[in-house]
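Working notes, beginning with the structure itself.
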Amino acid sequence: MDWGVVVEGSTQLKVPIVDKLTARNPVFYNPAMELTRDVSVAVCRILKPASYCDALAGSGARGIRVAKEAGVKEVFLNDLNQQACSLMKENADSNSVSVSISNENCNFFLSDKKFDFVDIDPFGPPVRYLDSAVRAMPKKGFLGVAATDTSVLCGTYPTACRRKYDAVSLRTDYYDEIGLRILLGFIARSAVRYDYGVRVLFSHSTRHYFRAFVELNRGRKFVKPSQDNIVFLQHCFKCLERSYVKLGDLREKCSCGSKLNVVGPLWSGVFADKDFCNQLASVLEDGVFNKKREAVSLVNVVREEQNVLKPYFNLHKLCELKNRPAPTMSSVFSGLSRAGFQAVRTHFEPLGLRTDGGVSVLSGLVV
Ligand SMILES: C[S@@+](CC[C@H](N)C(=O)[O-])C[C@H]1O[C@@H](n2cnc3c(N)ncnc32)[C@H](O)[C@@H]1O
């Protein structure tokens with residue numbers, strides 16, 4: 001096994017050098033996840049949790065950075081892999097931070113403890129750990145959740161999505177937004193089961209993974225608004241109309257006469273809190289982060305997106321359907337705004353846009 005040293009933020013880490021990242025690597029460290037670790041540090045600087053736990057900690061990179069760069073006093077790192085635990089210890093010592101290290105199964109580890117912040121960062125789906133993570137929350141707490149099984153959530157493997165997330169997915173032109181919303185819906189369903197309401201602070205889709213940071217509050221008054229945001233989505237492949245619907249309002253046919261497909265349950269609310277995004281952008285801007293530029297621009301686009309909750313449209317897919325050449329994005333943006341509709345960019349897709357104008361208004365601008 002070869003080892004190297006990397007610097008993330010202001011933390012120096014010993015990490016394994018591998019040809020290919022797989023769950024079978026002796027210790028798991030993924031350099032492509034540095035952006036999410038930068039964001040985790042910034043999130044913890046804002047939330048200031050008294051205790052933070054990375055229940056699937058790998059090399060310990062995330063938790064050691066949270067201890068050192070966000071100043072969280074009580075940091076707990078757990079991993080089933082003994083070699084990972086030895087590496088965490090080395091990394092914590094070389095950075096002069098004090099962390100508590102455990103070598104247990106994640107669900108067993110979380111079963112008799114409470115943490116203000118629990119991070120679930122698995123290789124694949126987070127599904128089997130979420131119940132334990134919610135049960136480890138005090139009355140108010142925070143969850144960080146990653147999912148790397150994007151093809152399951154985005155509709156490539158619908159049977160696996162039914163099995164893992166108890167949700168119907170669909171391969172549409174906005175498949176990645178469906179994936180993120182199914183994940184958020186699953187997190188919310190896991191939380192309301194234990195009488196917690198969720199407030200999504202920040203979430204995004206980046207390359208091969210989804211990431212979410214949510215606040216959980218226990219109590220009936222928090223649960224009802226979360227339940228109201230867990231709905232279904234209906235999609236028409238003929239005219240590309242899409243809309244959120246409650247279970248009792250599902251329809252068979254679209255207004256264009258075609259069959260409507262059902263997706264969900266999924267989260268229909270904001271997938272980031274605008275005020276939290278403002279704080280996050282400013283903490284990232286002011287700090288020492290290697291992925292600062294990418295992270296700040298992501299947060300700014302995600303914040304803008306919350307003005308329109310309806311899933312984004314892919315302009316090229318719409319033009320393909322209408323058999324028309326694609327107009328420039330700027331002409332479509334100004335056309336929508338002249339017609340009195342909102343139009344915002346989306347971090348999911350460079351050729352995507354969100355609008356409250358609906359498919360008929362948008363279609364009118366591409367013919
Ligand atoms: C994606 S890595 C974690 C990366 C780390 N959080 C970071 O930010 O760099 C997932 C880790 O989960 C560990 N793991 C897998 N199944 C586990 C289980 N049931 N309980 C505890 N750890 C587990 C693996 O050994 C691996 O180190």
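Within each chain, counting starts at residue 1; across the structure tokens, chains are named A, B, ... in the order shown, with ligands numbered 1 upward in that order.
For stretch 151-163 of chain A, the list of residues within 10 Å, based on only C-alpha atoms and with local chain neighbours fewer than 5 positions off taken out, reads Gly124, Pro125, Val168, Ser169, Leu170, Arg171, Thr172, Tyr174, Tyr175, Asp176, Glu177, Ile178, Gly179, Leu180, Arg181, Ile182, Leu183, His208, Tyr209, Phe210, Val263 and Gly264 of chain A.
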Residues as selected, C-alpha atoms, written as a short mmCIF file (atom, residue, chain, number, x, y, z; two decimals), in the first residue's frame, can you do that?
data_model
loop_
_atom_site.label_atom_id
_atom_site.label_comp_id
_atom_site.auth_asym_id
_atom_site.auth_seq_id
_atom_site.Cartn_x
_atom_site.Cartn_y
_atom_site.Cartn_z
CA GLY A 124 -23.49 3.82 -1.90
CA PRO A 125 -26.92 4.45 -0.33
CA VAL A 168 -40.63 5.30 -7.78
CA SER A 169 -37.98 7.04 -9.85
CA LEU A 170 -38.10 7.93 -13.55
CA ARG A 171 -35.47 8.81 -16.18
CA THR A 172 -36.64 12.27 -17.26
CA TYR A 174 -34.37 16.50 -15.00
CA TYR A 175 -33.41 13.06 -13.59
CA ASP A 176 -30.84 14.50 -11.14
CA GLU A 177 -33.40 16.77 -9.49
CA ILE A 178 -35.72 13.78 -9.12
CA GLY A 179 -32.84 11.85 -7.51
CA LEU A 180 -32.03 14.59 -5.01
CA ARG A 181 -35.71 15.07 -4.15
CA ILE A 182 -36.25 11.32 -3.61
CA LEU A 183 -33.25 11.32 -1.26
CA HIS A 208 -21.42 11.23 -8.87
CA TYR A 209 -23.07 12.08 -5.56
CA PHE A 210 -25.85 13.89 -3.70
CA VAL A 263 -42.70 9.64 -9.42
CA GLY A 264 -42.15 9.59 -5.66
#
How would you write, as a short mmCIF file (atom, residue, chain, number, x, y, z; two decimals) with N, CA and C atoms, in the first residue's frame, the set of residues in stretch 79-284 of chain A that DSSP gives as strand (DSSP E or B)?
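Result file follows (selection_20.cif):
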data_model
loop_
_atom_site.label_atom_id
_atom_site.label_comp_id
_atom_site.auth_asym_id
_atom_site.auth_seq_id
_atom_site.Cartn_x
_atom_site.Cartn_y
_atom_site.Cartn_z
N SER A 100 -12.48 11.33 19.46
CA SER A 100 -12.74 10.02 20.04
C SER A 100 -12.97 9.03 18.89
N ILE A 101 -12.22 7.93 18.88
CA ILE A 101 -12.26 7.00 17.73
C ILE A 101 -12.88 5.66 18.16
N SER A 102 -13.80 5.16 17.36
CA SER A 102 -14.42 3.85 17.64
C SER A 102 -14.38 2.97 16.40
N PHE A 117 -24.65 16.73 15.83
CA PHE A 117 -24.49 16.63 14.37
C PHE A 117 -24.03 15.22 14.04
N VAL A 118 -24.78 14.53 13.19
CA VAL A 118 -24.36 13.20 12.74
C VAL A 118 -24.17 13.23 11.23
N ASP A 119 -23.00 12.78 10.78
CA ASP A 119 -22.74 12.71 9.35
C ASP A 119 -22.78 11.25 8.90
N ILE A 120 -23.56 11.01 7.85
CA ILE A 120 -23.66 9.66 7.28
C ILE A 120 -23.11 9.76 5.85
N LYS A 140 -33.16 18.93 19.14
CA LYS A 140 -32.79 19.64 17.91
C LYS A 140 -31.39 19.19 17.50
N GLY A 141 -31.22 18.80 16.25
CA GLY A 141 -29.91 18.35 15.81
C GLY A 141 -29.75 18.52 14.31
N PHE A 142 -28.60 18.10 13.81
CA PHE A 142 -28.31 18.28 12.39
C PHE A 142 -27.80 16.98 11.79
N LEU A 143 -28.21 16.75 10.55
CA LEU A 143 -27.75 15.56 9.82
C LEU A 143 -27.03 15.98 8.55
N GLY A 144 -25.91 15.33 8.28
CA GLY A 144 -25.27 15.46 6.97
C GLY A 144 -25.43 14.10 6.31
N VAL A 145 -25.92 14.06 5.07
CA VAL A 145 -26.17 12.77 4.42
C VAL A 145 -25.62 12.81 2.99
N ALA A 146 -24.89 11.75 2.63
CA ALA A 146 -24.42 11.62 1.24
C ALA A 146 -25.03 10.36 0.62
N ALA A 147 -25.22 10.39 -0.69
CA ALA A 147 -25.64 9.18 -1.43
C ALA A 147 -24.82 9.15 -2.71
N VAL A 168 -40.68 5.52 -6.33
CA VAL A 168 -40.63 5.30 -7.78
C VAL A 168 -39.81 6.42 -8.41
N TYR A 196 -39.83 14.05 14.21
CA TYR A 196 -38.98 15.20 13.90
C TYR A 196 -39.45 15.85 12.60
N GLY A 197 -39.42 17.18 12.56
CA GLY A 197 -39.62 17.88 11.30
C GLY A 197 -38.26 18.21 10.73
N VAL A 198 -38.16 18.37 9.40
CA VAL A 198 -36.86 18.70 8.81
C VAL A 198 -36.90 20.08 8.17
N ARG A 199 -35.77 20.75 8.29
CA ARG A 199 -35.56 22.00 7.56
C ARG A 199 -34.31 21.75 6.72
N VAL A 200 -34.46 21.80 5.40
CA VAL A 200 -33.29 21.53 4.55
C VAL A 200 -32.44 22.79 4.53
N LEU A 201 -31.21 22.68 5.01
CA LEU A 201 -30.32 23.85 5.06
C LEU A 201 -29.60 24.04 3.73
N PHE A 202 -29.08 22.93 3.20
CA PHE A 202 -28.36 23.01 1.93
C PHE A 202 -28.28 21.61 1.35
N SER A 203 -28.51 21.48 0.05
CA SER A 203 -28.30 20.18 -0.59
C SER A 203 -27.98 20.43 -2.05
N HIS A 204 -27.33 19.45 -2.66
CA HIS A 204 -26.93 19.62 -4.06
C HIS A 204 -26.59 18.28 -4.70
N SER A 205 -26.48 18.35 -6.03
CA SER A 205 -26.04 17.20 -6.81
C SER A 205 -24.73 17.61 -7.45
N THR A 206 -23.68 16.83 -7.23
CA THR A 206 -22.41 17.16 -7.88
C THR A 206 -21.80 15.88 -8.42
N TYR A 209 -22.45 12.22 -6.88
CA TYR A 209 -23.07 12.08 -5.56
C TYR A 209 -24.09 13.18 -5.26
N PHE A 210 -24.94 12.89 -4.27
CA PHE A 210 -25.85 13.89 -3.70
C PHE A 210 -25.39 14.14 -2.27
N ARG A 211 -25.62 15.37 -1.80
CA ARG A 211 -25.28 15.72 -0.41
C ARG A 211 -26.38 16.57 0.17
N ALA A 212 -26.72 16.33 1.41
CA ALA A 212 -27.76 17.13 2.07
C ALA A 212 -27.34 17.45 3.49
N PHE A 213 -27.65 18.65 3.94
CA PHE A 213 -27.48 19.07 5.33
C PHE A 213 -28.85 19.51 5.81
N VAL A 214 -29.38 18.85 6.84
CA VAL A 214 -30.72 19.20 7.31
C VAL A 214 -30.73 19.41 8.81
N GLU A 215 -31.66 20.28 9.24
CA GLU A 215 -31.87 20.50 10.68
C GLU A 215 -33.09 19.69 11.08
N LEU A 216 -33.02 19.00 12.21
CA LEU A 216 -34.16 18.23 12.70
C LEU A 216 -34.66 18.83 14.01
N ASN A 217 -35.97 19.00 14.11
CA ASN A 217 -36.56 19.48 15.37
C ASN A 217 -37.69 18.55 15.75
N ARG A 218 -37.67 18.10 17.02
CA ARG A 218 -38.72 17.17 17.45
C ARG A 218 -39.94 17.96 17.93
N ILE A 230 -43.91 16.17 1.50
CA ILE A 230 -43.62 14.83 0.95
C ILE A 230 -44.79 14.45 0.04
N VAL A 231 -44.59 14.59 -1.25
CA VAL A 231 -45.69 14.39 -2.21
C VAL A 231 -45.21 13.51 -3.37
N PHE A 232 -45.97 13.55 -4.47
CA PHE A 232 -45.59 12.83 -5.69
C PHE A 232 -45.39 13.85 -6.81
N LEU A 233 -44.85 13.37 -7.92
CA LEU A 233 -44.67 14.25 -9.07
C LEU A 233 -45.25 13.52 -10.28
N GLN A 234 -45.94 14.25 -11.15
CA GLN A 234 -46.44 13.60 -12.37
C GLN A 234 -45.75 14.22 -13.57
N HIS A 235 -45.32 13.33 -14.47
CA HIS A 235 -44.54 13.78 -15.63
C HIS A 235 -45.16 13.25 -16.92
N ARG A 242 -44.65 18.84 -15.97
CA ARG A 242 -44.33 18.16 -14.71
C ARG A 242 -44.95 18.96 -13.58
N SER A 243 -45.54 18.27 -12.60
CA SER A 243 -46.09 19.01 -11.46
C SER A 243 -46.16 18.12 -10.23
N TYR A 244 -46.05 18.77 -9.05
CA TYR A 244 -46.17 18.05 -7.79
C TYR A 244 -47.63 17.82 -7.49
N VAL A 245 -47.98 16.64 -6.98
CA VAL A 245 -49.37 16.36 -6.60
C VAL A 245 -49.42 15.56 -5.31
N LYS A 253 -54.32 11.14 -16.93
CA LYS A 253 -54.00 11.78 -18.22
C LYS A 253 -53.54 13.22 -18.04
N LYS A 259 -50.50 9.88 -21.38
CA LYS A 259 -50.43 9.23 -20.05
C LYS A 259 -49.51 10.05 -19.12
N ASN A 261 -47.02 9.91 -15.89
CA ASN A 261 -46.24 8.98 -15.07
C ASN A 261 -46.15 9.52 -13.65
N VAL A 262 -46.03 8.58 -12.70
CA VAL A 262 -45.97 8.98 -11.29
C VAL A 262 -44.56 8.75 -10.75
N VAL A 263 -44.03 9.73 -10.04
CA VAL A 263 -42.70 9.64 -9.42
C VAL A 263 -42.86 9.94 -7.92
N GLY A 264 -42.12 9.24 -7.08
CA GLY A 264 -42.15 9.59 -5.66
C GLY A 264 -42.47 8.41 -4.76
N PRO A 265 -42.68 8.70 -3.47
CA PRO A 265 -42.76 10.02 -2.86
C PRO A 265 -41.41 10.76 -2.89
N LEU A 266 -41.52 12.09 -2.97
CA LEU A 266 -40.32 12.91 -2.97
C LEU A 266 -40.58 14.24 -2.27
N TRP A 267 -39.51 14.99 -2.07
CA TRP A 267 -39.56 16.26 -1.35
C TRP A 267 -39.87 17.38 -2.35
#
Residues within 12 Å of stretch 338-348 of chain A, only C-alpha atoms, excluding chain neighbours under 5 positions, as a PDB file with N, CA and C atoms, in the first residue's frame:
ATOM      1  N   ASP A 173     -35.839  14.352 -18.275  1.00  0.00           N
ATOM      2  CA  ASP A 173     -34.787  15.308 -18.642  1.00  0.00           C
ATOM      3  C   ASP A 173     -34.229  16.034 -17.409  1.00  0.00           C
ATOM      4  N   TYR A 174     -34.858  15.869 -16.247  1.00  0.00           N
ATOM      5  CA  TYR A 174     -34.373  16.496 -14.995  1.00  0.00           C
ATOM      6  C   TYR A 174     -34.150  15.397 -13.945  1.00  0.00           C
ATOM      7  N   TYR A 175     -33.578  14.259 -14.430  1.00  0.00           N
ATOM      8  CA  TYR A 175     -33.413  13.057 -13.595  1.00  0.00           C
ATOM      9  C   TYR A 175     -32.657  13.329 -12.288  1.00  0.00           C
ATOM     10  N   ASP A 176     -31.650  14.252 -12.348  1.00  0.00           N
ATOM     11  CA  ASP A 176     -30.840  14.497 -11.145  1.00  0.00           C
ATOM     12  C   ASP A 176     -31.630  15.246 -10.074  1.00  0.00           C
ATOM     13  N   GLU A 177     -32.561  16.102 -10.502  1.00  0.00           N
ATOM     14  CA  GLU A 177     -33.399  16.772  -9.492  1.00  0.00           C
ATOM     15  C   GLU A 177     -34.362  15.763  -8.862  1.00  0.00           C
ATOM     16  N   ILE A 178     -34.873  14.842  -9.681  1.00  0.00           N
ATOM     17  CA  ILE A 178     -35.722  13.776  -9.121  1.00  0.00           C
ATOM     18  C   ILE A 178     -34.928  12.976  -8.088  1.00  0.00           C
ATOM     19  N   GLY A 179     -33.677  12.628  -8.420  1.00  0.00           N
ATOM     20  CA  GLY A 179     -32.838  11.847  -7.508  1.00  0.00           C
ATOM     21  C   GLY A 179     -32.629  12.565  -6.186  1.00  0.00           C
ATOM     22  N   LEU A 180     -32.271  13.846  -6.251  1.00  0.00           N
ATOM     23  CA  LEU A 180     -32.034  14.593  -5.008  1.00  0.00           C
ATOM     24  C   LEU A 180     -33.320  14.693  -4.196  1.00  0.00           C
ATOM     25  N   SER A 203     -28.513  21.483   0.052  1.00  0.00           N
ATOM     26  CA  SER A 203     -28.303  20.184  -0.588  1.00  0.00           C
ATOM     27  C   SER A 203     -27.976  20.426  -2.049  1.00  0.00           C
ATOM     28  N   HIS A 204     -27.329  19.452  -2.657  1.00  0.00           N
ATOM     29  CA  HIS A 204     -26.927  19.622  -4.057  1.00  0.00           C
ATOM     30  C   HIS A 204     -26.589  18.285  -4.699  1.00  0.00           C
ATOM     31  N   SER A 205     -26.485  18.347  -6.027  1.00  0.00           N
ATOM     32  CA  SER A 205     -26.040  17.199  -6.808  1.00  0.00           C
ATOM     33  C   SER A 205     -24.728  17.614  -7.452  1.00  0.00           C
ATOM     34  N   THR A 206     -23.679  16.830  -7.232  1.00  0.00           N
ATOM     35  CA  THR A 206     -22.409  17.158  -7.882  1.00  0.00           C
ATOM     36  C   THR A 206     -21.795  15.879  -8.423  1.00  0.00           C
ATOM     37  N   ARG A 207     -21.576  15.850  -9.754  1.00  0.00           N
ATOM     38  CA  ARG A 207     -21.013  14.685 -10.432  1.00  0.00           C
ATOM     39  C   ARG A 207     -21.651  13.375  -9.973  1.00  0.00           C
ATOM     40  N   HIS A 208     -20.935  12.574  -9.164  1.00  0.00           N
ATOM     41  CA  HIS A 208     -21.419  11.225  -8.873  1.00  0.00           C
ATOM     42  C   HIS A 208     -22.107  11.117  -7.512  1.00  0.00           C
ATOM     43  N   TYR A 209     -22.450  12.224  -6.877  1.00  0.00           N
ATOM     44  CA  TYR A 209     -23.071  12.083  -5.557  1.00  0.00           C
ATOM     45  C   TYR A 209     -24.091  13.177  -5.261  1.00  0.00           C
ATOM     46  N   PHE A 210     -24.937  12.893  -4.269  1.00  0.00           N
ATOM     47  CA  PHE A 210     -25.846  13.893  -3.703  1.00  0.00           C
ATOM     48  C   PHE A 210     -25.387  14.137  -2.274  1.00  0.00           C
ATOM     49  N   PHE A 271     -34.846  23.030  -1.545  1.00  0.00           N
ATOM     50  CA  PHE A 271     -33.772  22.072  -1.253  1.00  0.00           C
ATOM     51  C   PHE A 271     -32.552  22.789  -0.674  1.00  0.00           C
ATOM     52  N   GLU A 294     -15.350  26.953  -6.554  1.00  0.00           N
ATOM     53  CA  GLU A 294     -16.400  26.016  -6.982  1.00  0.00           C
ATOM     54  C   GLU A 294     -17.548  25.999  -5.954  1.00  0.00           C
ATOM     55  N   ALA A 295     -17.168  25.986  -4.666  1.00  0.00           N
ATOM     56  CA  ALA A 295     -18.183  25.875  -3.604  1.00  0.00           C
ATOM     57  C   ALA A 295     -19.042  27.144  -3.529  1.00  0.00           C
ATOM     58  N   VAL A 296     -18.402  28.313  -3.598  1.00  0.00           N
ATOM     59  CA  VAL A 296     -19.168  29.568  -3.497  1.00  0.00           C
ATOM     60  C   VAL A 296     -20.114  29.682  -4.688  1.00  0.00           C
ATOM     61  N   SER A 297     -19.618  29.344  -5.867  1.00  0.00           N
ATOM     62  CA  SER A 297     -20.508  29.491  -7.028  1.00  0.00           C
ATOM     63  C   SER A 297     -21.666  28.478  -6.961  1.00  0.00           C
ATOM     64  N   LEU A 298     -21.391  27.272  -6.463  1.00  0.00           N
ATOM     65  CA  LEU A 298     -22.466  26.282  -6.274  1.00  0.00           C
ATOM     66  C   LEU A 298     -23.524  26.830  -5.306  1.00  0.00           C
ATOM     67  N   VAL A 299     -23.073  27.340  -4.160  1.00  0.00           N
ATOM     68  CA  VAL A 299     -24.015  27.822  -3.139  1.00  0.00           C
ATOM     69  C   VAL A 299     -24.854  28.979  -3.697  1.00  0.00           C
ATOM     70  N   ASN A 300     -24.213  29.865  -4.457  1.00  0.00           N
ATOM     71  CA  ASN A 300     -24.964  31.008  -4.993  1.00  0.00           C
ATOM     72  C   ASN A 300     -26.037  30.580  -5.997  1.00  0.00           C
ATOM     73  N   VAL A 301     -25.711  29.611  -6.845  1.00  0.00           N
ATOM     74  CA  VAL A 301     -26.724  29.148  -7.810  1.00  0.00           C
ATOM     75  C   VAL A 301     -27.849  28.417  -7.082  1.00  0.00           C
ATOM     76  N   VAL A 302     -27.467  27.555  -6.114  1.00  0.00           N
ATOM     77  CA  VAL A 302     -28.487  26.804  -5.367  1.00  0.00           C
ATOM     78  C   VAL A 302     -29.432  27.775  -4.643  1.00  0.00           C
ATOM     79  N   ARG A 303     -28.878  28.850  -4.086  1.00  0.00           N
ATOM     80  CA  ARG A 303     -29.735  29.825  -3.383  1.00  0.00           C
ATOM     81  C   ARG A 303     -30.762  30.438  -4.345  1.00  0.00           C
ATOM     82  N   GLU A 304     -30.293  30.820  -5.528  1.00  0.00           N
ATOM     83  CA  GLU A 304     -31.181  31.423  -6.536  1.00  0.00           C
ATOM     84  C   GLU A 304     -32.296  30.457  -6.936  1.00  0.00           C
ATOM     85  N   GLU A 305     -31.930  29.167  -6.995  1.00  0.00           N
ATOM     86  CA  GLU A 305     -32.883  28.153  -7.465  1.00  0.00           C
ATOM     87  C   GLU A 305     -34.124  28.037  -6.585  1.00  0.00           C
ATOM     88  N   GLN A 306     -33.999  28.439  -5.329  1.00  0.00           N
ATOM     89  CA  GLN A 306     -35.100  28.228  -4.388  1.00  0.00           C
ATOM     90  C   GLN A 306     -36.296  29.139  -4.682  1.00  0.00           C
ATOM     91  N   ASN A 307     -36.102  30.099  -5.613  1.00  0.00           N
ATOM     92  CA  ASN A 307     -37.233  30.962  -6.007  1.00  0.00           C
ATOM     93  C   ASN A 307     -38.265  30.209  -6.828  1.00  0.00           C
ATOM     94  N   VAL A 308     -37.870  29.099  -7.435  1.00  0.00           N
ATOM     95  CA  VAL A 308     -38.806  28.316  -8.264  1.00  0.00           C
ATOM     96  C   VAL A 308     -38.673  26.847  -7.870  1.00  0.00           C
ATOM     97  N   LEU A 309     -39.724  26.292  -7.294  1.00  0.00           N
ATOM     98  CA  LEU A 309     -39.614  24.918  -6.787  1.00  0.00           C
ATOM     99  C   LEU A 309     -39.894  23.853  -7.846  1.00  0.00           C
ATOM    100  N   LYS A 310     -40.669  24.213  -8.868  1.00  0.00           N
ATOM    101  CA  LYS A 310     -40.969  23.247  -9.925  1.00  0.00           C
ATOM    102  C   LYS A 310     -39.651  22.791 -10.560  1.00  0.00           C
ATOM    103  N   PRO A 311     -39.493  21.490 -10.872  1.00  0.00           N
ATOM    104  CA  PRO A 311     -38.228  21.012 -11.426  1.00  0.00           C
ATOM    105  C   PRO A 311     -37.820  21.777 -12.698  1.00  0.00           C
ATOM    106  N   TYR A 312     -36.524  21.798 -12.924  1.00  0.00           N
ATOM    107  CA  TYR A 312     -35.980  22.574 -14.053  1.00  0.00           C
ATOM    108  C   TYR A 312     -36.327  21.943 -15.396  1.00  0.00           C
ATOM    109  N   PHE A 313     -36.227  22.757 -16.435  1.00  0.00           N
ATOM    110  CA  PHE A 313     -36.387  22.273 -17.811  1.00  0.00           C
ATOM    111  C   PHE A 313     -35.020  22.252 -18.478  1.00  0.00           C
ATOM    112  N   ASN A 314     -34.793  21.233 -19.317  1.00  0.00           N
ATOM    113  CA  ASN A 314     -33.583  21.194 -20.129  1.00  0.00           C
ATOM    114  C   ASN A 314     -33.963  21.749 -21.499  1.00  0.00           C
ATOM    115  N   LEU A 315     -33.390  22.907 -21.806  1.00  0.00           N
ATOM    116  CA  LEU A 315     -33.785  23.623 -23.018  1.00  0.00           C
ATOM    117  C   LEU A 315     -33.563  22.791 -24.282  1.00  0.00           C
ATOM    118  N   MET A 329     -29.682  30.780 -24.286  1.00  0.00           N
ATOM    119  CA  MET A 329     -30.265  30.793 -22.943  1.00  0.00           C
ATOM    120  C   MET A 329     -30.719  32.215 -22.610  1.00  0.00           C
ATOM    121  N   SER A 330     -29.874  33.205 -22.978  1.00  0.00           N
ATOM    122  CA  SER A 330     -30.206  34.578 -22.569  1.00  0.00           C
ATOM    123  C   SER A 330     -31.499  35.049 -23.236  1.00  0.00           C
ATOM    124  N   SER A 331     -31.752  34.616 -24.496  1.00  0.00           N
ATOM    125  CA  SER A 331     -33.007  35.058 -25.146  1.00  0.00           C
ATOM    126  C   SER A 331     -34.215  34.428 -24.446  1.00  0.00           C
ATOM    127  N   VAL A 332     -34.061  33.187 -23.961  1.00  0.00           N
ATOM    128  CA  VAL A 332     -35.179  32.548 -23.263  1.00  0.00           C
ATOM    129  C   VAL A 332     -35.401  33.221 -21.899  1.00  0.00           C
ATOM    130  N   PHE A 333     -34.296  33.528 -21.213  1.00  0.00           N
ATOM    131  CA  PHE A 333     -34.412  34.218 -19.916  1.00  0.00           C
ATOM    132  C   PHE A 333     -35.123  35.557 -20.093  1.00  0.00           C
ATOM    133  N   LEU A 353     -33.044  25.449 -16.947  1.00  0.00           N
ATOM    134  CA  LEU A 353     -33.553  26.659 -16.295  1.00  0.00           C
ATOM    135  C   LEU A 353     -34.827  26.333 -15.547  1.00  0.00           C
ATOM    136  N   ARG A 354     -35.047  27.106 -14.481  1.00  0.00           N
ATOM    137  CA  ARG A 354     -36.254  26.927 -13.679  1.00  0.00           C
ATOM    138  C   ARG A 354     -37.166  28.104 -13.959  1.00  0.00           C
ATOM    139  N   THR A 355     -38.427  27.816 -14.166  1.00  0.00           N
ATOM    140  CA  THR A 355     -39.380  28.893 -14.392  1.00  0.00           C
ATOM    141  C   THR A 355     -40.737  28.518 -13.833  1.00  0.00           C
ATOM    142  N   ASP A 356     -41.453  29.543 -13.382  1.00  0.00           N
ATOM    143  CA  ASP A 356     -42.833  29.302 -12.955  1.00  0.00           C
ATOM    144  C   ASP A 356     -43.772  29.437 -14.147  1.00  0.00           C
ATOM    145  N   GLY A 357     -43.198  29.629 -15.339  1.00  0.00           N
ATOM    146  CA  GLY A 357     -44.014  29.838 -16.540  1.00  0.00           C
ATOM    147  C   GLY A 357     -44.664  28.569 -17.066  1.00  0.00           C
ATOM    148  N   GLY A 358     -44.110  27.420 -16.770  1.00  0.00           N
ATOM    149  CA  GLY A 358     -44.712  26.178 -17.258  1.00  0.00           C
ATOM    150  C   GLY A 358     -44.278  25.860 -18.671  1.00  0.00           C
ATOM    151  N   VAL A 361     -45.600  28.090 -21.783  1.00  0.00           N
ATOM    152  CA  VAL A 361     -44.946  29.397 -21.965  1.00  0.00           C
ATOM    153  C   VAL A 361     -43.562  29.187 -22.566  1.00  0.00           C
ATOM    154  N   LEU A 362     -42.841  28.199 -22.018  1.00  0.00           N
ATOM    155  CA  LEU A 362     -41.483  27.935 -22.479  1.00  0.00           C
ATOM    156  C   LEU A 362     -41.499  27.474 -23.939  1.00  0.00           C
ATOM    157  N   GLY A 364     -43.574  28.262 -26.173  1.00  0.00           N
ATOM    158  CA  GLY A 364     -43.854  29.435 -27.017  1.00  0.00           C
ATOM    159  C   GLY A 364     -42.601  30.215 -27.348  1.00  0.00           C
ATOM    160  N   LEU A 365     -41.574  30.098 -26.509  1.00  0.00           N
ATOM    161  CA  LEU A 365     -40.342  30.852 -26.743  1.00  0.00           C
ATOM    162  C   LEU A 365     -39.340  30.114 -27.628  1.00  0.00           C
TER     163      LEU A 365
END
Protein and nucleic acid residues within 8 Å of ligand 1 (only C-alpha atoms and all ligand atoms) as a PyMOL selection string: chain A and resi 23+27-30+33+36-37+54-63+78-81+84+103-107+119-124
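In this structure, atom CA of A:Ser226 sits 29.2 Å away from atom CA of A:Val75.
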